[in-house]
Amino acid sequence: MTDLQRNSIGSKKSHLSQQSAHARGNAAEPALLIRPSFIVRLGFCITRVARALASIVVTIIGLLLVTFMIGRVIPVDPVLAVVGDQASPESYAAARAEMGLDQPLLVQVVMYFGKLGRGDLGTSTLTRRPIVEDIALYFPATLELATLATIFGIILGIPAGVYSAARRGRLPDHVIRIISLFGYSMPTFWLGMIGLLVLYAKLGWIAGPGRIDILYDGMVPTVTRLLLVDSLLAGNFRAFASACAHIALPSAILGYFSMAYIARMTRSFMIDQLTQDHIVAARAKGLSEGRVIWRHALGNAAVPLVTVVALSYGSLLEGSVLTETVFAWPGLGLYLTNALLSADMNAVLGATIVIGLVFLGLNLVTDAIYSWIDPRAK
């Protein structure tokens, strides 16, 4: 074998070994698709959510105990609410035994938790339906209203807060602060009554109370119980337009409150961020003011803003009782008002439990999002 042949064979072997090593490297690449930083962030998120979940369990137990005690100390006899004032002593005693009120207090607590564990919140003395069915009927309207109001607050509140912080101490800052202070301090039900009086009764620019015109009531098939969604799914655009017209003012009123709160907190977070060293360094590098504000400062302020938006959303879900009453909005707030006026304490306590659970669940989701976007998890 000549030297030329030996060199040719050696070159081929070297080329084949390089191809084999390259193939082994490609085969190992899929194992690196999950980056270590992702695993660290996921572990940080799971740890934080687990802690929040443990805290929520304790809070739920406390909430249930409080609602149980409220149901026992209120000056309303739940037995009379069921059998009526004209019931005989025998009927009264039978109803009391059926409700477990003749048992010792500890036994009543165990029975109460057992019923809640089965999803039994009792029966409404006003509607004569299980409270779970009533909440499933009324809560979607509140969810729809609060969601639109929160979207309204985010779209206007965050830019307003950022602009106010960027123009700190100047006229735009003062104007935005006054508008936010007014929206945050004024009762939403009062603004709702003024809006109905002026825009509906006097000028006729908006639709009246209710969720939809009576012409379209019952014409939209129920799928999600969210009227805007169901009307679109059914292709009934006239009903959709009517629903939009009716939800416009109440969502704007609640959205104004949400916008004011989000704008104030955004301004506070942005002012804190704009004084940080990394912002000063970004400006020293010659970055544009818009990029410094919207990318660097707002990017870091987005972490606490998640909590602010979640708190605003939760407050709208649980705090729209009077606003729904003013607009005759068939949501959980109006249901609670009617239950209170008719002394239907089963409905009041059941709705209170559901609202508390929804708020705690929202906090759990917020903790998960917060821990995922927290820079310490990266």
# chains A, B, ... in the order shown; residues from 1 in each chain; ligands from 1
call {"tool": "residues_around", "arguments": {"residues": "segment 230-247 of chain A", "least_positions_apart": "2", "cutoff": "10 Å", "atoms": "only C-alpha atoms", "output": "compact mmCIF listing (two decimals) with C-alpha atoms, in the first residue's frame"}}
result
# COMPACT_ATOMS: atom_id res chain seq x y z
CA ALA A 141 -73.68 38.18 34.48
CA GLU A 144 -69.16 39.39 32.29
CA LEU A 145 -69.62 42.86 33.77
CA LEU A 148 -65.31 44.16 30.72
CA ALA A 149 -64.79 46.75 33.45
CA TRP A 205 -78.19 58.29 24.42
CA ILE A 206 -77.83 54.89 26.06
CA ALA A 207 -79.94 51.82 26.76
CA GLY A 208 -81.82 51.57 30.02
CA PRO A 209 -81.43 49.17 32.95
CA GLY A 210 -81.31 45.45 32.40
CA ARG A 211 -79.08 43.14 30.45
CA ILE A 212 -80.83 43.16 27.06
CA ASP A 213 -83.91 44.61 25.38
CA ILE A 214 -87.09 42.73 26.16
CA LEU A 215 -87.51 42.15 22.42
CA TYR A 216 -84.49 39.81 22.43
CA ASP A 217 -84.99 38.33 25.89
CA MET A 219 -84.05 34.56 21.93
CA VAL A 220 -80.39 33.76 22.61
CA PRO A 221 -79.62 30.06 23.27
CA THR A 222 -77.85 29.52 26.58
CA VAL A 223 -74.39 28.02 26.16
CA THR A 224 -72.00 29.85 28.49
CA ARG A 225 -74.56 32.14 30.19
CA LEU A 226 -72.33 35.02 29.06
CA LEU A 227 -74.79 36.96 26.95
CA LEU A 228 -72.23 38.64 24.70
CA LEU A 249 -72.69 52.26 30.99
CA PRO A 250 -72.39 49.89 33.98
CA SER A 251 -69.07 48.52 32.70
CA ALA A 252 -67.83 52.07 32.08
CA PHE A 327 -78.81 49.09 36.76
CA TRP A 329 -78.28 43.93 36.30
call {"tool": "residues_around", "arguments": {"residues": "Tyr370 of chain A", "least_positions_apart": "3", "cutoff": "9 Å", "atoms": "only C-alpha atoms", "output": "mmCIF file with N, CA and C atoms, in the first residue's frame"}}
result
data_model
loop_
_atom_site.group_PDB
_atom_site.id
_atom_site.type_symbol
_atom_site.label_atom_id
_atom_site.label_comp_id
_atom_site.auth_asym_id
_atom_site.auth_seq_id
_atom_site.Cartn_x
_atom_site.Cartn_y
_atom_site.Cartn_z
ATOM 1 N N CYS A 45 -42.012 28.642 40.931
ATOM 2 C CA CYS A 45 -43.455 28.862 40.809
ATOM 3 C C CYS A 45 -44.231 27.841 41.640
ATOM 4 N N VAL A 303 -44.462 43.427 37.251
ATOM 5 C CA VAL A 303 -44.575 42.366 38.262
ATOM 6 C C VAL A 303 -45.571 42.743 39.355
ATOM 7 N N PRO A 304 -45.426 43.884 40.037
ATOM 8 C CA PRO A 304 -46.447 44.244 41.035
ATOM 9 C C PRO A 304 -47.776 44.642 40.418
ATOM 10 N N VAL A 306 -49.413 43.056 38.236
ATOM 11 C CA VAL A 306 -50.252 41.860 38.146
ATOM 12 C C VAL A 306 -51.136 41.745 39.381
ATOM 13 N N THR A 307 -50.550 41.975 40.545
ATOM 14 C CA THR A 307 -51.323 41.925 41.788
ATOM 15 C C THR A 307 -52.370 43.022 41.833
ATOM 16 N N VAL A 365 -54.233 32.139 41.490
ATOM 17 C CA VAL A 365 -53.784 32.321 40.106
ATOM 18 C C VAL A 365 -52.802 33.488 40.012
ATOM 19 N N THR A 366 -53.086 34.551 40.750
ATOM 20 C CA THR A 366 -52.195 35.711 40.755
ATOM 21 C C THR A 366 -50.818 35.350 41.286
ATOM 22 N N ASP A 367 -50.776 34.558 42.349
ATOM 23 C CA ASP A 367 -49.488 34.117 42.894
ATOM 24 C C ASP A 367 -48.707 33.299 41.876
ATOM 25 N N ILE A 373 -43.352 35.388 36.454
ATOM 26 C CA ILE A 373 -42.718 36.537 35.812
ATOM 27 C C ILE A 373 -41.764 37.269 36.749
ATOM 28 N N ASP A 374 -41.660 36.829 37.986
ATOM 29 C CA ASP A 374 -40.753 37.466 38.943
ATOM 30 C C ASP A 374 -39.311 37.295 38.462
#
call {"tool": "closest_residue", "arguments": {"among": "A:Leu42, A:Leu121, A:Leu305, A:Ala310", "to": "Val348 of chain A", "atoms": "only C-alpha atoms"}}
result
A:Leu121
call {"tool": "closest_residue", "arguments": {"among": "A:Val83, A:Leu316, A:Leu116, A:Ala50", "to": "Tyr256 of chain A", "atoms": "only C-alpha atoms"}}
result
A:Leu316
call {"tool": "select_by_dssp", "arguments": {"residues": "segment 131-215 of chain A", "states": "helix (DSSP H, G or I)", "output": "ChimeraX atom specification"}}
result
/A:131-166,171-185,188-202
call {"tool": "residues_around", "arguments": {"residues": "Ile74 of chain A", "least_positions_apart": "6", "cutoff": "12 Å", "atoms": "only C-alpha atoms", "output": "PyMOL selection string"}}
result
chain A and resi 67-68+343-346+348-349
call {"tool": "closest_residue", "arguments": {"among": "A:Ala165, A:Leu65, A:Gly290, A:Phe152", "to": "Ala248 of chain A", "atoms": "only C-alpha atoms"}}
result
A:Phe152
call {"tool": "residues_around", "arguments": {"residues": "Ile253 of chain A", "least_positions_apart": "6", "cutoff": "9 Å", "atoms": "only C-alpha atoms", "output": "count of residues only"}}
result
8
call {"tool": "closest_residue", "arguments": {"among": "A:Ala281, A:Ile56, A:Met69, A:Met270", "to": "Asn300 of chain A", "atoms": "only C-alpha atoms"}}
result
A:Met270
call {"tool": "decode", "arguments": {"residues": "segment 174-209 of chain A", "atoms": "N, CA and C atoms", "output": "PDB file, in the first residue's frame"}}
result
ATOM      1  N   HIS A 174     -50.918  66.359  37.036  1.00  0.00           N
ATOM      2  CA  HIS A 174     -51.938  66.854  37.962  1.00  0.00           C
ATOM      3  C   HIS A 174     -53.343  66.499  37.475  1.00  0.00           C
ATOM      4  N   VAL A 175     -53.581  66.628  36.168  1.00  0.00           N
ATOM      5  CA  VAL A 175     -54.905  66.319  35.616  1.00  0.00           C
ATOM      6  C   VAL A 175     -55.239  64.843  35.811  1.00  0.00           C
ATOM      7  N   ILE A 176     -54.303  63.962  35.489  1.00  0.00           N
ATOM      8  CA  ILE A 176     -54.539  62.521  35.632  1.00  0.00           C
ATOM      9  C   ILE A 176     -54.741  62.154  37.095  1.00  0.00           C
ATOM     10  N   ARG A 177     -54.007  62.767  37.987  1.00  0.00           N
ATOM     11  CA  ARG A 177     -54.162  62.469  39.414  1.00  0.00           C
ATOM     12  C   ARG A 177     -55.529  62.908  39.931  1.00  0.00           C
ATOM     13  N   ILE A 178     -56.009  64.058  39.469  1.00  0.00           N
ATOM     14  CA  ILE A 178     -57.333  64.529  39.899  1.00  0.00           C
ATOM     15  C   ILE A 178     -58.425  63.600  39.379  1.00  0.00           C
ATOM     16  N   ILE A 179     -58.313  63.204  38.102  1.00  0.00           N
ATOM     17  CA  ILE A 179     -59.300  62.288  37.518  1.00  0.00           C
ATOM     18  C   ILE A 179     -59.287  60.949  38.255  1.00  0.00           C
ATOM     19  N   SER A 180     -58.099  60.458  38.568  1.00  0.00           N
ATOM     20  CA  SER A 180     -57.992  59.181  39.278  1.00  0.00           C
ATOM     21  C   SER A 180     -58.544  59.289  40.692  1.00  0.00           C
ATOM     22  N   LEU A 181     -58.249  60.388  41.368  1.00  0.00           N
ATOM     23  CA  LEU A 181     -58.751  60.574  42.729  1.00  0.00           C
ATOM     24  C   LEU A 181     -60.272  60.634  42.746  1.00  0.00           C
ATOM     25  N   PHE A 182     -60.853  61.310  41.764  1.00  0.00           N
ATOM     26  CA  PHE A 182     -62.311  61.404  41.679  1.00  0.00           C
ATOM     27  C   PHE A 182     -62.926  60.025  41.439  1.00  0.00           C
ATOM     28  N   GLY A 183     -62.362  59.272  40.508  1.00  0.00           N
ATOM     29  CA  GLY A 183     -62.904  57.949  40.209  1.00  0.00           C
ATOM     30  C   GLY A 183     -62.724  56.964  41.339  1.00  0.00           C
ATOM     31  N   TYR A 184     -61.648  57.109  42.111  1.00  0.00           N
ATOM     32  CA  TYR A 184     -61.374  56.176  43.197  1.00  0.00           C
ATOM     33  C   TYR A 184     -62.213  56.476  44.429  1.00  0.00           C
ATOM     34  N   SER A 185     -62.606  57.740  44.604  1.00  0.00           N
ATOM     35  CA  SER A 185     -63.300  58.136  45.830  1.00  0.00           C
ATOM     36  C   SER A 185     -64.814  58.199  45.684  1.00  0.00           C
ATOM     37  N   MET A 186     -65.326  58.394  44.473  1.00  0.00           N
ATOM     38  CA  MET A 186     -66.767  58.528  44.293  1.00  0.00           C
ATOM     39  C   MET A 186     -67.439  57.159  44.309  1.00  0.00           C
ATOM     40  N   PRO A 187     -68.576  57.017  44.994  1.00  0.00           N
ATOM     41  CA  PRO A 187     -69.306  55.737  44.993  1.00  0.00           C
ATOM     42  C   PRO A 187     -69.794  55.393  43.589  1.00  0.00           C
ATOM     43  N   THR A 188     -69.578  54.163  43.192  1.00  0.00           N
ATOM     44  CA  THR A 188     -69.967  53.766  41.838  1.00  0.00           C
ATOM     45  C   THR A 188     -71.482  53.781  41.651  1.00  0.00           C
ATOM     46  N   PHE A 189     -72.240  53.468  42.704  1.00  0.00           N
ATOM     47  CA  PHE A 189     -73.694  53.475  42.546  1.00  0.00           C
ATOM     48  C   PHE A 189     -74.205  54.902  42.341  1.00  0.00           C
ATOM     49  N   TRP A 190     -73.541  55.895  42.951  1.00  0.00           N
ATOM     50  CA  TRP A 190     -73.943  57.292  42.749  1.00  0.00           C
ATOM     51  C   TRP A 190     -73.658  57.726  41.316  1.00  0.00           C
ATOM     52  N   LEU A 191     -72.475  57.375  40.809  1.00  0.00           N
ATOM     53  CA  LEU A 191     -72.163  57.678  39.412  1.00  0.00           C
ATOM     54  C   LEU A 191     -73.131  56.967  38.476  1.00  0.00           C
ATOM     55  N   GLY A 192     -73.523  55.755  38.839  1.00  0.00           N
ATOM     56  CA  GLY A 192     -74.484  55.026  38.018  1.00  0.00           C
ATOM     57  C   GLY A 192     -75.835  55.712  37.965  1.00  0.00           C
ATOM     58  N   MET A 193     -76.314  56.201  39.101  1.00  0.00           N
ATOM     59  CA  MET A 193     -77.601  56.901  39.117  1.00  0.00           C
ATOM     60  C   MET A 193     -77.538  58.197  38.318  1.00  0.00           C
ATOM     61  N   ILE A 194     -76.429  58.942  38.448  1.00  0.00           N
ATOM     62  CA  ILE A 194     -76.273  60.174  37.665  1.00  0.00           C
ATOM     63  C   ILE A 194     -76.218  59.848  36.176  1.00  0.00           C
ATOM     64  N   GLY A 195     -75.488  58.791  35.822  1.00  0.00           N
ATOM     65  CA  GLY A 195     -75.401  58.405  34.421  1.00  0.00           C
ATOM     66  C   GLY A 195     -76.744  58.008  33.843  1.00  0.00           C
ATOM     67  N   LEU A 196     -77.531  57.233  34.591  1.00  0.00           N
ATOM     68  CA  LEU A 196     -78.864  56.852  34.119  1.00  0.00           C
ATOM     69  C   LEU A 196     -79.772  58.067  33.992  1.00  0.00           C
ATOM     70  N   LEU A 197     -79.703  58.977  34.957  1.00  0.00           N
ATOM     71  CA  LEU A 197     -80.567  60.155  34.931  1.00  0.00           C
ATOM     72  C   LEU A 197     -80.262  61.051  33.742  1.00  0.00           C
ATOM     73  N   VAL A 198     -78.980  61.264  33.473  1.00  0.00           N
ATOM     74  CA  VAL A 198     -78.597  62.204  32.415  1.00  0.00           C
ATOM     75  C   VAL A 198     -78.587  61.530  31.046  1.00  0.00           C
ATOM     76  N   LEU A 199     -77.849  60.420  30.922  1.00  0.00           N
ATOM     77  CA  LEU A 199     -77.629  59.814  29.606  1.00  0.00           C
ATOM     78  C   LEU A 199     -78.813  58.989  29.117  1.00  0.00           C
ATOM     79  N   TYR A 200     -79.610  58.453  30.033  1.00  0.00           N
ATOM     80  CA  TYR A 200     -80.749  57.619  29.624  1.00  0.00           C
ATOM     81  C   TYR A 200     -82.069  58.380  29.721  1.00  0.00           C
ATOM     82  N   ALA A 201     -82.380  58.904  30.904  1.00  0.00           N
ATOM     83  CA  ALA A 201     -83.680  59.548  31.108  1.00  0.00           C
ATOM     84  C   ALA A 201     -83.779  60.887  30.388  1.00  0.00           C
ATOM     85  N   LYS A 202     -82.722  61.700  30.440  1.00  0.00           N
ATOM     86  CA  LYS A 202     -82.777  63.043  29.856  1.00  0.00           C
ATOM     87  C   LYS A 202     -82.409  63.064  28.375  1.00  0.00           C
ATOM     88  N   LEU A 203     -81.287  62.475  28.038  1.00  0.00           N
ATOM     89  CA  LEU A 203     -80.771  62.572  26.672  1.00  0.00           C
ATOM     90  C   LEU A 203     -81.134  61.380  25.801  1.00  0.00           C
ATOM     91  N   GLY A 204     -81.361  60.219  26.397  1.00  0.00           N
ATOM     92  CA  GLY A 204     -81.708  59.033  25.621  1.00  0.00           C
ATOM     93  C   GLY A 204     -80.574  58.504  24.774  1.00  0.00           C
ATOM     94  N   TRP A 205     -79.343  58.719  25.207  1.00  0.00           N
ATOM     95  CA  TRP A 205     -78.195  58.292  24.421  1.00  0.00           C
ATOM     96  C   TRP A 205     -77.828  56.827  24.635  1.00  0.00           C
ATOM     97  N   ILE A 206     -78.226  56.257  25.741  1.00  0.00           N
ATOM     98  CA  ILE A 206     -77.827  54.890  26.061  1.00  0.00           C
ATOM     99  C   ILE A 206     -79.061  54.046  26.343  1.00  0.00           C
ATOM    100  N   ALA A 207     -78.846  52.738  26.414  1.00  0.00           N
ATOM    101  CA  ALA A 207     -79.936  51.822  26.758  1.00  0.00           C
ATOM    102  C   ALA A 207     -80.213  51.899  28.255  1.00  0.00           C
ATOM    103  N   GLY A 208     -81.403  51.490  28.631  1.00  0.00           N
ATOM    104  CA  GLY A 208     -81.818  51.568  30.023  1.00  0.00           C
ATOM    105  C   GLY A 208     -81.315  50.413  30.858  1.00  0.00           C
ATOM    106  N   PRO A 209     -81.857  50.265  32.067  1.00  0.00           N
ATOM    107  CA  PRO A 209     -81.432  49.174  32.952  1.00  0.00           C
ATOM    108  C   PRO A 209     -81.748  47.812  32.344  1.00  0.00           C
TER     109      PRO A 209
END
